[in-house]
file start23.tsv (TSV, C-alpha atoms)
chain	number	residue	atom	x	y	z
I	578	MET	CA	-9.65	5.73	-6.48
I	579	LEU	CA	-7.00	5.72	-3.75
I	580	HIS	CA	-7.15	2.90	-1.21
I	581	THR	CA	-5.15	3.25	2.01
I	582	VAL	CA	-4.28	0.20	4.09
I	583	ASN	CA	-2.87	0.74	7.58
I	584	LYS	CA	-2.74	-2.82	8.95
I	585	SER	CA	-0.21	-5.54	8.24
I	586	SER	CA	-1.45	-8.52	6.24
I	587	PHE	CA	-0.23	-10.59	9.20
I	588	GLU	CA	-2.67	-8.76	11.49
I	589	ARG	CA	-5.80	-8.34	9.38
I	590	ASN	CA	-7.26	-9.24	5.99
I	591	SER	CA	-7.59	-5.57	4.98
I	592	LEU	CA	-5.08	-5.77	2.13
I	593	LYS	CA	-6.59	-8.94	0.71
I	594	SER	CA	-10.10	-7.47	0.88
I	595	CYS	CA	-8.84	-4.29	-0.76
I	596	ILE	CA	-7.13	-6.14	-3.62
I	597	ASN	CA	-10.25	-8.24	-4.19
I	598	THR	CA	-12.36	-5.07	-4.46
I	599	ILE	CA	-10.33	-2.56	-6.49
I	600	ASP	CA	-10.75	-1.85	-10.17
I	601	ASP	CA	-8.09	-1.34	-12.84
I	602	THR	CA	-7.74	2.38	-12.16
I	603	SER	CA	-7.30	2.16	-8.40
I	604	VAL	CA	-4.03	2.50	-6.50
I	605	ILE	CA	-3.05	1.35	-3.02
I	606	LEU	CA	-1.12	3.37	-0.46
I	607	LEU	CA	0.32	1.40	2.45
I	608	ILE	CA	0.65	3.43	5.64
I	609	GLU	CA	1.49	2.75	9.29
I	610	ASP	CA	1.80	-1.04	9.85
I	611	GLY	CA	0.39	-1.59	6.36
I	612	VAL	CA	3.91	-1.02	4.99
I	613	ILE	CA	4.91	-4.40	6.42
I	614	SER	CA	2.72	-5.88	3.68
I	615	ALA	CA	5.10	-4.31	1.14
I	616	THR	CA	7.97	-6.54	2.24
I	617	LYS	CA	9.11	-9.70	0.53
I	618	ASN	CA	7.35	-12.35	2.59
I	619	ILE	CA	4.86	-15.16	2.26
I	620	ASN	CA	2.10	-12.67	1.36
I	621	SER	CA	4.09	-10.55	-1.10
I	622	SER	CA	2.53	-12.18	-4.14
I	623	MET	CA	-0.69	-10.33	-3.26
I	624	ILE	CA	0.85	-6.99	-4.17
I	625	ALA	CA	3.69	-7.91	-6.52
I	626	ASN	CA	1.55	-7.80	-9.67
I	627	LEU	CA	-0.01	-4.46	-8.71
I	628	ALA	CA	3.42	-3.07	-7.82
I	629	ASN	CA	4.71	-4.11	-11.25
I	630	GLN	CA	1.86	-2.07	-12.73
I	631	GLY	CA	2.96	0.96	-10.67
I	632	ARG	CA	-0.16	0.89	-8.53
I	633	VAL	CA	1.29	0.37	-5.03
I	634	TYR	CA	2.75	3.14	-2.90
I	635	ALA	CA	4.14	3.12	0.63
I	636	LEU	CA	4.63	6.03	2.99
I	637	GLN	CA	8.40	6.43	3.24
I	638	GLY	CA	8.45	7.58	6.87
I	639	ASP	CA	6.50	4.51	7.96
I	640	VAL	CA	8.77	2.22	5.93
I	641	GLU	CA	11.85	3.74	7.57
I	642	ALA	CA	10.30	3.71	11.06
I	643	ARG	CA	9.69	-0.04	10.77
I	644	GLY	CA	13.12	-0.78	9.32
I	645	VAL	CA	11.85	-2.50	6.19
I	646	SER	CA	13.40	-0.28	3.49
I	647	SER	CA	15.72	-3.00	2.19
I	648	LYS	CA	13.01	-5.67	2.22
I	649	LEU	CA	10.39	-4.09	-0.06
I	650	VAL	CA	8.79	-5.88	-2.99
I	651	ASP	CA	10.19	-4.56	-6.28
I	652	ASN	CA	8.48	-1.52	-7.80
I	653	ILE	CA	6.81	-0.26	-4.62
I	654	LYS	CA	6.80	3.52	-4.95
I	655	LEU	CA	7.79	5.44	-1.83
I	656	VAL	CA	6.07	8.75	-1.12
I	657	ASN	CA	6.41	11.36	1.60
I	658	TYR	CA	3.46	13.24	3.14
I	659	THR	CA	3.39	15.66	0.21
I	660	GLY	CA	3.17	12.67	-2.13
I	661	PHE	CA	0.34	11.29	0.01
I	662	VAL	CA	-1.59	14.54	-0.45
I	663	ASP	CA	-0.83	14.51	-4.18
I	664	LEU	CA	-2.29	11.00	-4.45
I	665	VAL	CA	-5.46	12.09	-2.64
I	666	VAL	CA	-5.85	15.10	-4.94
I	667	GLU	CA	-5.08	13.08	-8.07
I	668	HIS	CA	-7.56	10.30	-7.31
I	669	GLY	CA	-10.30	12.45	-5.77
I	670	THR	CA	-11.88	9.68	-3.76
I	671	SER	CA	-10.18	7.59	-1.12
I	672	VAL	CA	-11.15	4.55	0.92
I	673	SER	CA	-9.45	3.53	4.15
I	674	TRP	CA	-9.14	-0.17	4.89
I	675	VAL	CA	-8.66	-0.78	8.60
call {"tool": "encode", "arguments": {"input": "start23.tsv", "output": "structure tokens"}}
result
Amino acid sequence: MLHTVNKSSFERNSLKSCINTIDDTSVILLIEDGVISATKNINSSMIANLANQGRVYALQGDVEARGVSSKLVDNIKLVNYTGFVDLVVEHGTSVSWV
């Protein structure tokens, strides 16, 4: 299952709720302000383990728009809009955490 998170972990608990809910086959795509949660900060431990497993993606355009490209947690995979669509197709079901 694909889980999209569009809010920063500084703004809402969406990412934490998502991580507490997902199973071992799920992946997370951070979009919009959610990409701020992909940066190395006080909350980065929440996604570091999943990123090391190759299960965290971030929308490249949103990362660049927020100027956080050089601050990302290691192993976050960047995708463009085509990659976003590919993830939706690959995982079949998606859940949006707002």
call {"tool": "residues_around", "arguments": {"input": "start23.tsv", "residues": "I:Ser591", "least_positions_apart": "4", "cutoff": "12 Å", "atoms": "only C-alpha atoms", "output": "list in words"}}
result
His580, Thr581, Val582, Asn583, Lys584, Ser585, Ser586, Phe587, Cys595, Ile596, Asn597, Thr598, Ile605, Leu607, Asp610, Gly611, Ser614, Met623, Val672, Ser673, Trp674 and Val675 of chain I
call {"tool": "residues_around", "arguments": {"input": "start23.tsv", "residues": "I:Val650", "least_positions_apart": "3", "cutoff": "6 Å", "atoms": "all atoms listed in the file", "output": "VMD selection string"}}
result
chain I and resid 615 to 617
call {"tool": "closest_residue", "arguments": {"input": "start23.tsv", "among": "I:Leu579, I:Val604, I:Leu592, I:Val666", "to": "I:Val633", "atoms": "only C-alpha atoms"}}
result
I:Val604
call {"tool": "closest_residue", "arguments": {"input": "start23.tsv", "among": "I:Ile608, I:Met578, I:Ile613, I:Ala628", "to": "I:Asn657", "atoms": "all atoms listed in the file"}}
result
I:Ile608
call {"tool": "atom_distance", "arguments": {"input": "start23.tsv", "atom1": "atom CA of I:Asn590", "atom2": "atom CA of I:Ser622"}}
result
14.4 Å
